[in-house]
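Undergrad: Got a structure for you, questions after.
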Amino acid sequence: MLQSKLFGKTNKKAPRDEKSVNAKLLARAGFVEKLMAGAYSYLPLGWKVLQKIENIVREEMNTIQGQEILMPALQPKKLWDETGRWESGKDVMFQFKGRGGADLGLGWTHEETLTDIIRNKVNSYQDLPLYIYQIQTKFRNEPRAKSGILRGREFSMKDLYSFHADEKDFLAYYEKVKGSYLKIFKKIGLDAIVIEASGGEFSKLYSHEFQVLTSAGEDTIIYCDCGKFGQNVEVAKLKAGEKCPICGKELKSGRSIEVGNIFTLGTKYSEIMKAYFADKDGKKKPIIMGCYGLGISRAMGAIVEVHNDKNGIIWPVSVAPYQIHLIEIRDEKSGIKKTAEKLYKSLQKEDIEVLYDDRDESPGIKFADADLIGIPLRIVVSERTIAKNSVELKKRDEERIELVKIDEIINKLKNNL
RNA sequence: CGGGAUGUGGCCUAGUGGCUUAAGGCGCAGCGUUCGGGACGCUGAGAUCGGGAGUUCAAAUCUCCCCAUCCCGACCA
């Protein structure tokens, strides 16, 4: 991408009404634009990041046999009346009238919608287990949207639902999802801790949250460095300072962001909504369910909260909008532009994603913008480097600058990315 | 929903009754000089001061109502 054509400019100052680190940096760097509290537009850079996260999640979901679908956000009251959640969820659900006075609402979760599909399509134990997920926009009428893209009224979420014939099969899959989530968070640069949590609206049963420690978080958790024990203070029986029941070390407490939450649903929804299947002996049984949420846009916010410095964002390579930020330091006389352009084309040919700063700007502006945008690897072509038939290679999170011969840079990057 | 704060060109701010035909910086357009960490000079465009009602000879500035945003709390998947 030519930076001169990129939609979305950087800004020295963050908008006055953004206080959270993620919103300030994302707004300044031109990744997002706020429409109202809790509703953000994703500009090209931001949208790229969101899609990268989506695709990592998608890949992992497919690995655990998830099948992707897309359900409507717009939903009829009738469906929600079956579980009583039209009434019990009316504080969180956007509800309004459609044509002809029909009661409609926007989906804030999709148990009802999917269970409705499942009861029509699943008849036999032979149809189970089934793992269905979607990546979709959720609408929740938050009493208080806040912290940039961490808590929105409209946000992107991956929700997976599993359907099983028996408890044992469910539990095995639940553990599988847990492992899959940890892999996802690691891949996108988040150190997530699995903790025990309350079932909330969904379930009084078994539930786990995936929490990322950072002062920007709105949850408080009790955890152990051993990584094997953690509880949300909402349900914690132990306090900070007490001994970890697993390893005996002292427990700590900290603020954290909930980036994922998995629940046992049991037969709650299948019984209410009559989602039954015929067992081997022909007996009708309710399907056992689990649901597994992962906040895509929230994860993006969490990444920014965790990976930044005073100059801007530091994206992990896996989710960075581009892998390389190629910068030419302008000089009319020498062949810098030609060299940079040539390099840009060769990198693209290798399927390396490049943001090429071809703008007629001063070096200071280019470096400052590069730091702000936070692409993990920076290549500089200038008179200095060209004199040595080289380019500079620098990691966003390191000071060290490496001089690499021009004809070696592509191979070097291929091994690095 | 309770408490607190804030709203002035695209962005950040100053101005808190008359010296304001609303000021400065950034950004934007043009010209010239620059060119390794947000360069400089000149010229120019851009604002019904969140909205409405009122008080006053006079309102960005005072009063009332409304709206929006942020923070704390309550709530929350």
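The chains in the structure tokens are called A, B, ... from first to last as shown; in each chain the residues are counted from 1, and the ligands are counted from 1 in the order shown.
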Tell me as a list in words which residues belonging to chain A come within 6 Å of chain B, counting only C-alpha atoms (C1' of nucleotides).
TA: Asp17, Ser362, Gly364 and Ile365 of chain A
Undergrad: Restricted to C-alpha atoms, what would the selected residues look like written as a tab-separated table (two decimals), in the first residue's frame?
TA:
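Result file out.tsv:
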```tsv
chain	number	residue	atom	x	y	z
A	17	ASP	CA	-12.72	12.85	24.64
A	362	SER	CA	10.35	15.16	6.21
A	364	GLY	CA	10.95	13.28	11.24
A	365	ILE	CA	7.33	12.99	10.22
```
Undergrad: Write out as a PyMOL selection string the residues lying within 10 Å of B:A14, counting only C-alpha atoms (C1' of nucleotides) and excluding same-chain residues fewer than 3 positions away.
TA: chain B and resi 8+23-24
Undergrad: Store the residues of this selection in a file with N, CA and C atoms (P, O5', C5', C4', C3', O3' and C1' of nucleotides), as an mmCIF file, in the first residue's frame.
TA:
```cif
data_model
loop_
_atom_site.group_PDB
_atom_site.id
_atom_site.type_symbol
_atom_site.label_atom_id
_atom_site.label_comp_id
_atom_site.auth_asym_id
_atom_site.auth_seq_id
_atom_site.Cartn_x
_atom_site.Cartn_y
_atom_site.Cartn_z
ATOM 1 P P U B 8 -15.351 21.936 21.559
ATOM 2 O "O5'" U B 8 -15.513 23.493 21.335
ATOM 3 C "C5'" U B 8 -16.578 23.992 20.537
ATOM 4 C "C4'" U B 8 -16.224 25.350 20.015
ATOM 5 C "C3'" U B 8 -15.035 25.382 19.079
ATOM 6 O "O3'" U B 8 -15.419 25.063 17.750
ATOM 7 C "C1'" U B 8 -14.801 27.088 20.688
ATOM 8 P P A B 23 -10.002 35.889 14.859
ATOM 9 O "O5'" A B 23 -8.545 35.736 15.464
ATOM 10 C "C5'" A B 23 -8.009 36.755 16.310
ATOM 11 C "C4'" A B 23 -7.069 36.137 17.311
ATOM 12 C "C3'" A B 23 -6.212 34.995 16.786
ATOM 13 O "O3'" A B 23 -5.091 35.451 16.064
ATOM 14 C "C1'" A B 23 -7.169 34.359 18.830
ATOM 15 P P G B 24 -4.487 34.516 14.923
ATOM 16 O "O5'" G B 24 -3.674 33.423 15.742
ATOM 17 C "C5'" G B 24 -2.547 33.827 16.518
ATOM 18 C "C4'" G B 24 -2.049 32.680 17.349
ATOM 19 C "C3'" G B 24 -1.666 31.419 16.572
ATOM 20 O "O3'" G B 24 -0.383 31.521 15.984
ATOM 21 C "C1'" G B 24 -2.943 30.817 18.463
#
```
Undergrad: Determine the nearest neighbour of B:A22 from the options B:A59, B:C64, B:C49, B:C40, counting only C-alpha atoms (C1' of nucleotides).
TA: B:C49
Undergrad: So which residues touch stretch 92-94 of chain A within 10 Å, counting only C-alpha atoms (C1' of nucleotides), skipping near sequence neighbours fewer than 3 positions away, as a VMD selection string?
TA: (chain A and resid 74 85 to 89 104 to 109 138 to 143 153) or (chain B and resid 75 to 76)
Undergrad: Per DSSP on the backbone, filter stretch 95-275 of chain A down to the residues in helix (DSSP H, G or I) and report them as number ranges by chain.
TA: A: 99-101, 111-121, 125-127, 167-187, 268-272
Undergrad: Determine, counting only C-alpha atoms (C1' of nucleotides), which protein, DNA and RNA residues have an atom within 12 Å of an atom of A:Leu417; residues of the same chain fewer than 3 positions away are not included. Present the result as a list in words.
TA: Pro316, Val317, Ser318, Ala320, Tyr322, Gln323, Ile324, Glu350, Asp351, Ile352, Glu353, Pro376, Leu377, Lys395, Ile410, Asn411, Lys412, Leu413 and Lys414 of chain A
Undergrad: Please produce a file of those selected residues containing N, CA and C atoms, as an mmCIF file, in the first residue's frame.
TA:
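And here is the file that came out, selection.cif:
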```
data_model
loop_
_atom_site.group_PDB
_atom_site.id
_atom_site.type_symbol
_atom_site.label_atom_id
_atom_site.label_comp_id
_atom_site.auth_asym_id
_atom_site.auth_seq_id
_atom_site.Cartn_x
_atom_site.Cartn_y
_atom_site.Cartn_z
ATOM 1 N N PRO A 316 2.051 -6.951 17.332
ATOM 2 C CA PRO A 316 2.666 -8.250 17.073
ATOM 3 C C PRO A 316 2.555 -8.512 15.559
ATOM 4 N N VAL A 317 3.544 -9.167 14.982
ATOM 5 C CA VAL A 317 3.541 -9.387 13.528
ATOM 6 C C VAL A 317 2.241 -10.048 13.061
ATOM 7 N N SER A 318 1.732 -10.971 13.876
ATOM 8 C CA SER A 318 0.568 -11.756 13.458
ATOM 9 C C SER A 318 -0.664 -10.907 13.167
ATOM 10 N N ALA A 320 -0.463 -7.285 12.802
ATOM 11 C CA ALA A 320 -0.100 -5.963 12.284
ATOM 12 C C ALA A 320 -0.791 -5.713 10.942
ATOM 13 N N TYR A 322 0.279 -4.241 8.392
ATOM 14 C CA TYR A 322 1.274 -4.613 7.373
ATOM 15 C C TYR A 322 2.472 -5.195 8.103
ATOM 16 N N GLN A 323 3.215 -6.020 7.413
ATOM 17 C CA GLN A 323 4.365 -6.652 8.057
ATOM 18 C C GLN A 323 5.577 -5.735 8.016
ATOM 19 N N ILE A 324 5.661 -4.977 6.929
ATOM 20 C CA ILE A 324 6.813 -4.112 6.736
ATOM 21 C C ILE A 324 6.383 -2.666 6.517
ATOM 22 N N GLU A 350 6.629 -11.249 -3.217
ATOM 23 C CA GLU A 350 6.854 -12.343 -2.249
ATOM 24 C C GLU A 350 5.686 -12.473 -1.276
ATOM 25 N N ASP A 351 4.588 -11.754 -1.556
ATOM 26 C CA ASP A 351 3.419 -11.767 -0.668
ATOM 27 C C ASP A 351 3.720 -11.223 0.722
ATOM 28 N N ILE A 352 4.699 -10.348 0.782
ATOM 29 C CA ILE A 352 4.955 -9.676 2.053
ATOM 30 C C ILE A 352 4.145 -8.387 2.023
ATOM 31 N N GLU A 353 3.399 -8.152 3.102
ATOM 32 C CA GLU A 353 2.530 -6.974 3.120
ATOM 33 C C GLU A 353 3.335 -5.743 3.523
ATOM 34 N N PRO A 376 5.620 -3.777 12.873
ATOM 35 C CA PRO A 376 6.743 -4.341 13.626
ATOM 36 C C PRO A 376 8.126 -4.229 12.979
ATOM 37 N N LEU A 377 8.177 -4.206 11.653
ATOM 38 C CA LEU A 377 9.488 -4.103 11.008
ATOM 39 C C LEU A 377 9.540 -2.880 10.103
ATOM 40 N N LYS A 395 13.488 -3.205 14.154
ATOM 41 C CA LYS A 395 12.259 -3.686 14.771
ATOM 42 C C LYS A 395 11.642 -2.540 15.560
ATOM 43 N N ILE A 410 15.263 -9.538 0.957
ATOM 44 C CA ILE A 410 14.067 -10.366 0.783
ATOM 45 C C ILE A 410 14.222 -11.713 1.479
ATOM 46 N N ASN A 411 15.357 -12.358 1.268
ATOM 47 C CA ASN A 411 15.573 -13.651 1.913
ATOM 48 C C ASN A 411 15.580 -13.517 3.422
ATOM 49 N N LYS A 412 16.182 -12.447 3.883
ATOM 50 C CA LYS A 412 16.248 -12.231 5.319
ATOM 51 C C LYS A 412 14.842 -12.088 5.894
ATOM 52 N N LEU A 413 14.002 -11.350 5.205
ATOM 53 C CA LEU A 413 12.641 -11.148 5.687
ATOM 54 C C LEU A 413 11.842 -12.439 5.637
ATOM 55 N N LYS A 414 12.037 -13.193 4.574
ATOM 56 C CA LYS A 414 11.290 -14.441 4.444
ATOM 57 C C LYS A 414 11.583 -15.368 5.616
#
```
Undergrad: Neighbours of stretch 212-228 of chain A within 8 Å (only C-alpha atoms (C1' of nucleotides); same-chain residues fewer than 2 positions away dropped), as a VMD selection string?
TA: chain A and resid 20 190 to 195 210 230 to 233 236 238 to 240 244 246 to 247 249 to 259 302 305 to 306
